[in-house]
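Working notes, beginning with the structure itself.
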There are 4 protein chains.
Amino acid sequence: MAYEHRLRVRFHDTDPAGIVFFANIFVYCHDAFEEMLRAIGLPLNELIRSKEQILPLGHAEADFKKPFRHGVLVDVRVVVGKLSDRSMRLDYELRDDAGELLATCSMVHVAVDPATGRSTTLSPRLRAALEPHKA
Amino acid sequence: MAYEHRLRVRFHDTDPAGIVFFANIFVYCHDAFEEMLRAIGLPLNELIRSKEQILPLGHAEADFKKPFRHGVLVDVRVVVGKLSDRSMRLDYELRDDAGELLATCSMVHVAVDPATGRSTTLSPRLRAALEPHKA
Amino acid sequence: MAYEHRLRVRFHDTDPAGIVFFANIFVYCHDAFEEMLRAIGLPLNELIRSKEQILPLGHAEADFKKPFRHGVLVDVRVVVGKLSDRSMRLDYELRDDAGELLATCSMVHVAVDPATGRSTTLSPRLRAALEPHKA
Amino acid sequence: MAYEHRLRVRFHDTDPAGIVFFANIFVYCHDAFEEMLRAIGLPLNELIRSKEQILPLGHAEADFKKPFRHGVLVDVRVVVGKLSDRSMRLDYELRDDAGELLATCSMVHVAVDPATGRSTTLSPRLRAALEPHKA
């Protein structure tokens, strides 16, 4: 049900305090989102090139529980929290390889028609492909 | 009362859809936070070098209202939303130079002792300096 | 003759070693380049929107002399090193506010027609505007 | 002899022109470098934590041959170009999965003692581990 993505914390993700700068944790989630779209057969690059729709963020939030340290393997677990007509919410849990919860994150993407810049209906094939990953 | 920071959207902040990648909007807020600390006489670099405390994020959230386009001037308005014993919440409004609201953001920083990695009491001189910027 | 841009080293530009991650120094130069284009009346965002041409890099190189530390003010001095038919080279010197040389950088931009992806002649109005900044 | 690292071009690596912003190509090379260090048993995070030495860049240069597009798989091939007393040069070739050369890159790392900030002798165990990857 959940899609799982694994990544490693890199040198340049971390800051002088030796831990990942918080904005990069949102990037980790977006990377997992991109990989999930690829895994379900709808790579984001194809969606964008098709000019069918783009999926900018309407809302994003995260709770940071423990520091992400350089070199650590991180498992990102994604589920589709909500599929609405014109938007969708994805929920993320990020854990180190001992299973310790490092952060949770929630991101709402809005379907936008790139020609008009206006909100539009979520692509039916995207909706169908995401359905199995609903929480 | 509010601290105001102005920045310009740069080429590499934007993505193939021609708008700022959402994680960079959190970076804009953190930049405003850094400038505010400098303006009140407590630059983040000095706070970190003094080993008094670091201020990692415990929570961050944002609502993205309108696209941030390449070349646009953005005004970031910061107020201190809440000063607690061991944490503080900063609230941000980001507007273009026509005054249009582009995004709101809220970030909770936790005071952490860099020697132990544990939460600690917010620095009294930081608290005093932030007081005039309370909402 | 030279265009001068000033910036401050931010928290998230720096790495666990406490100094700016080298790739960000190339970003600083590109930021100075964007500001120079704006100052000469040809903002990069307008050039891109006009679909006249884009200016991707063909070559970049830098020598890093001294560490860029968090909080430091950096002066970036740009001169146009060479204006060719289809490309241009910009040369950068980056100094701290004591005048100490931190890095030098050289970047070759190639004029590309966004419609074909092929190299094209450097925009005449860009060439004219850059002429006064030749070394 | 060469170390090979594979990565995929992500959405936020690319710019409004739809191709990877050049500074991120240097980041790709540094990621390959980190993975090579891990593969030879000397992860960069351990080297940094041991306070034995840090490896900042003294020089970096790249030739960009073809655009890196969103979604493309990139193979980064690393060889050790030169091992000197106090520095080392790593040479990179980046190709798409059709084998097309996208960029070449060369990076000189300098061994620095984090306690003094001065150049030092390259760690003997690092030198020994890199020897098999010499060009």
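Letters A, B, ... go to the chains of the structure tokens in the order shown; residues in each chain start at 1; ligands are counted from 1 in the same order.
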
Next on the checklist: At a cut-off of 8 Å, which residues of chain B touch chain D? Count only C-alpha atoms and give the answer as a list of chain:residue names.
Outcome noted: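 Within 8 Å of chain D on chain B, we get B:Phe11, B:His12, B:Asp13, B:Thr14, B:Asp15, B:Pro16, B:Ala17, B:Gly18, B:Ile19, B:Phe21.
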
Checklist entry - Where in chain A does DSSP assign alpha helix (DSSP H), given as an MDAnalysis selection string? => result chainID A and resid 22:39 44:49 124:130

Put those residues in a file: C-alpha atoms, as a PDB file, in the first residue's frame.
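And here is the file that came out, part_36.pdb:
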```
ATOM      1  CA  PHE A  22      15.033  21.291   7.345  1.00  0.00           C
ATOM      2  CA  ALA A  23      14.125  22.420   3.813  1.00  0.00           C
ATOM      3  CA  ASN A  24      16.058  19.444   2.436  1.00  0.00           C
ATOM      4  CA  ILE A  25      13.735  17.090   4.300  1.00  0.00           C
ATOM      5  CA  PHE A  26      10.883  18.462   2.191  1.00  0.00           C
ATOM      6  CA  VAL A  27      13.097  17.787  -0.835  1.00  0.00           C
ATOM      7  CA  TYR A  28      13.554  14.168   0.314  1.00  0.00           C
ATOM      8  CA  CYS A  29       9.767  13.799   0.378  1.00  0.00           C
ATOM      9  CA  HIS A  30       9.420  15.291  -3.092  1.00  0.00           C
ATOM     10  CA  ASP A  31      12.092  12.866  -4.345  1.00  0.00           C
ATOM     11  CA  ALA A  32      10.064   9.967  -2.920  1.00  0.00           C
ATOM     12  CA  PHE A  33       6.979  11.406  -4.626  1.00  0.00           C
ATOM     13  CA  GLU A  34       8.828  11.525  -7.965  1.00  0.00           C
ATOM     14  CA  GLU A  35       9.967   7.915  -7.552  1.00  0.00           C
ATOM     15  CA  MET A  36       6.434   6.815  -6.655  1.00  0.00           C
ATOM     16  CA  LEU A  37       5.057   8.469  -9.800  1.00  0.00           C
ATOM     17  CA  ARG A  38       7.723   6.667 -11.832  1.00  0.00           C
ATOM     18  CA  ALA A  39       6.893   3.343 -10.145  1.00  0.00           C
ATOM     19  CA  LEU A  44       6.570  13.528 -13.440  1.00  0.00           C
ATOM     20  CA  ASN A  45       8.806  14.523 -16.383  1.00  0.00           C
ATOM     21  CA  GLU A  46       6.311  12.901 -18.819  1.00  0.00           C
ATOM     22  CA  LEU A  47       3.348  14.529 -17.080  1.00  0.00           C
ATOM     23  CA  ILE A  48       5.034  17.926 -17.412  1.00  0.00           C
ATOM     24  CA  ARG A  49       6.107  17.372 -21.034  1.00  0.00           C
ATOM     25  CA  PRO A 124      -7.924  10.502 -14.262  1.00  0.00           C
ATOM     26  CA  ARG A 125      -4.960   8.257 -15.069  1.00  0.00           C
ATOM     27  CA  LEU A 126      -3.011   9.777 -12.190  1.00  0.00           C
ATOM     28  CA  ARG A 127      -5.970   9.250  -9.857  1.00  0.00           C
ATOM     29  CA  ALA A 128      -6.340   5.629 -10.968  1.00  0.00           C
ATOM     30  CA  ALA A 129      -2.626   4.959 -10.521  1.00  0.00           C
ATOM     31  CA  LEU A 130      -2.560   6.497  -7.031  1.00  0.00           C
TER      32      LEU A 130
END
```

Checklist entry - Looking at B:Leu57, B:Leu7, B:Ala135, B:Ala115, which one is nearest to Asp91 in chain B, with distances taken over only C-alpha atoms? => result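 Answer, going by the shortest atom-to-atom distance: B:Ala135.
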
Surrounding residues of Leu101 in chain D excluding itself and chain neighbours under 5 positions, 10 Å, only C-alpha atoms, as a PDB file with N, CA and C atoms, in the first residue's frame:
```pdb
ATOM      1  N   PHE D  64      30.424  21.315 -20.180  1.00  0.00           N
ATOM      2  CA  PHE D  64      29.054  20.836 -20.312  1.00  0.00           C
ATOM      3  C   PHE D  64      28.763  20.647 -21.802  1.00  0.00           C
ATOM      4  N   LYS D  65      28.567  19.390 -22.216  1.00  0.00           N
ATOM      5  CA  LYS D  65      28.464  19.064 -23.643  1.00  0.00           C
ATOM      6  C   LYS D  65      27.019  19.049 -24.125  1.00  0.00           C
ATOM      7  N   LYS D  66      26.152  18.458 -23.317  1.00  0.00           N
ATOM      8  CA  LYS D  66      24.746  18.328 -23.707  1.00  0.00           C
ATOM      9  C   LYS D  66      23.869  18.551 -22.480  1.00  0.00           C
ATOM     10  N   VAL D  74      21.664   9.123 -15.237  1.00  0.00           N
ATOM     11  CA  VAL D  74      23.018   9.590 -15.535  1.00  0.00           C
ATOM     12  C   VAL D  74      24.027   8.640 -14.885  1.00  0.00           C
ATOM     13  N   ASP D  75      25.003   8.198 -15.687  1.00  0.00           N
ATOM     14  CA  ASP D  75      26.096   7.400 -15.134  1.00  0.00           C
ATOM     15  C   ASP D  75      27.302   8.298 -14.944  1.00  0.00           C
ATOM     16  N   GLU D  93      33.374  11.566 -15.774  1.00  0.00           N
ATOM     17  CA  GLU D  93      32.634  11.599 -17.038  1.00  0.00           C
ATOM     18  C   GLU D  93      31.176  11.307 -16.715  1.00  0.00           C
ATOM     19  N   LEU D  94      30.291  12.124 -17.231  1.00  0.00           N
ATOM     20  CA  LEU D  94      28.863  11.911 -16.979  1.00  0.00           C
ATOM     21  C   LEU D  94      28.190  11.601 -18.312  1.00  0.00           C
ATOM     22  N   ARG D  95      27.497  10.465 -18.370  1.00  0.00           N
ATOM     23  CA  ARG D  95      26.841  10.038 -19.602  1.00  0.00           C
ATOM     24  C   ARG D  95      25.375   9.708 -19.345  1.00  0.00           C
ATOM     25  N   ASP D  96      24.559   9.857 -20.367  1.00  0.00           N
ATOM     26  CA  ASP D  96      23.172   9.392 -20.223  1.00  0.00           C
ATOM     27  C   ASP D  96      23.139   7.884 -20.475  1.00  0.00           C
TER      28      ASP D  96
END
```

Next on the checklist: Using DSSP assignments from the backbone, pull out every residue in chain B that falls under strand (DSSP E or B) and give it to me as a PyMOL selection string.
Outcome noted: chain B and resi 3-8+14+19-20+54+57-64+69+73-83+87-96+101-110+112+119+134

Checklist entry - Could you name the residues that touch Val79 in chain A at 8 Å or less, counting only C-alpha atoms, but leaving out those on the same chain fewer than 6 positions away, as a list in words? => result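 Contacts, with the query itself left out: Met1, Ala2, Tyr3, Leu90, Asp91, Tyr92, His133, Lys134 and Ala135 of chain A.
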
Item to check | Non-local contacts of Asp85 in chain D (10 Å; only C-alpha atoms; under 5 positions in same chain excluded) as JSON, numbers by chain | outcome: {"D": [110, 111, 120, 121, 122, 123, 124, 127]}

Item to check | Two-atom distance - CA of Arg6 in chain A, CA of Arg10 in chain C (Å) | outcome: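 Distance reported for this atom pair: 28.9 Å.
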
Item to check | Exercise: Glu4 in chain B partners within 7 Å, only C-alpha atoms, chain neighbours under 3 positions left out, as a list in words | outcome: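 The residues satisfying every condition are Asp75, Val76, Arg77 and Val78 of chain B.
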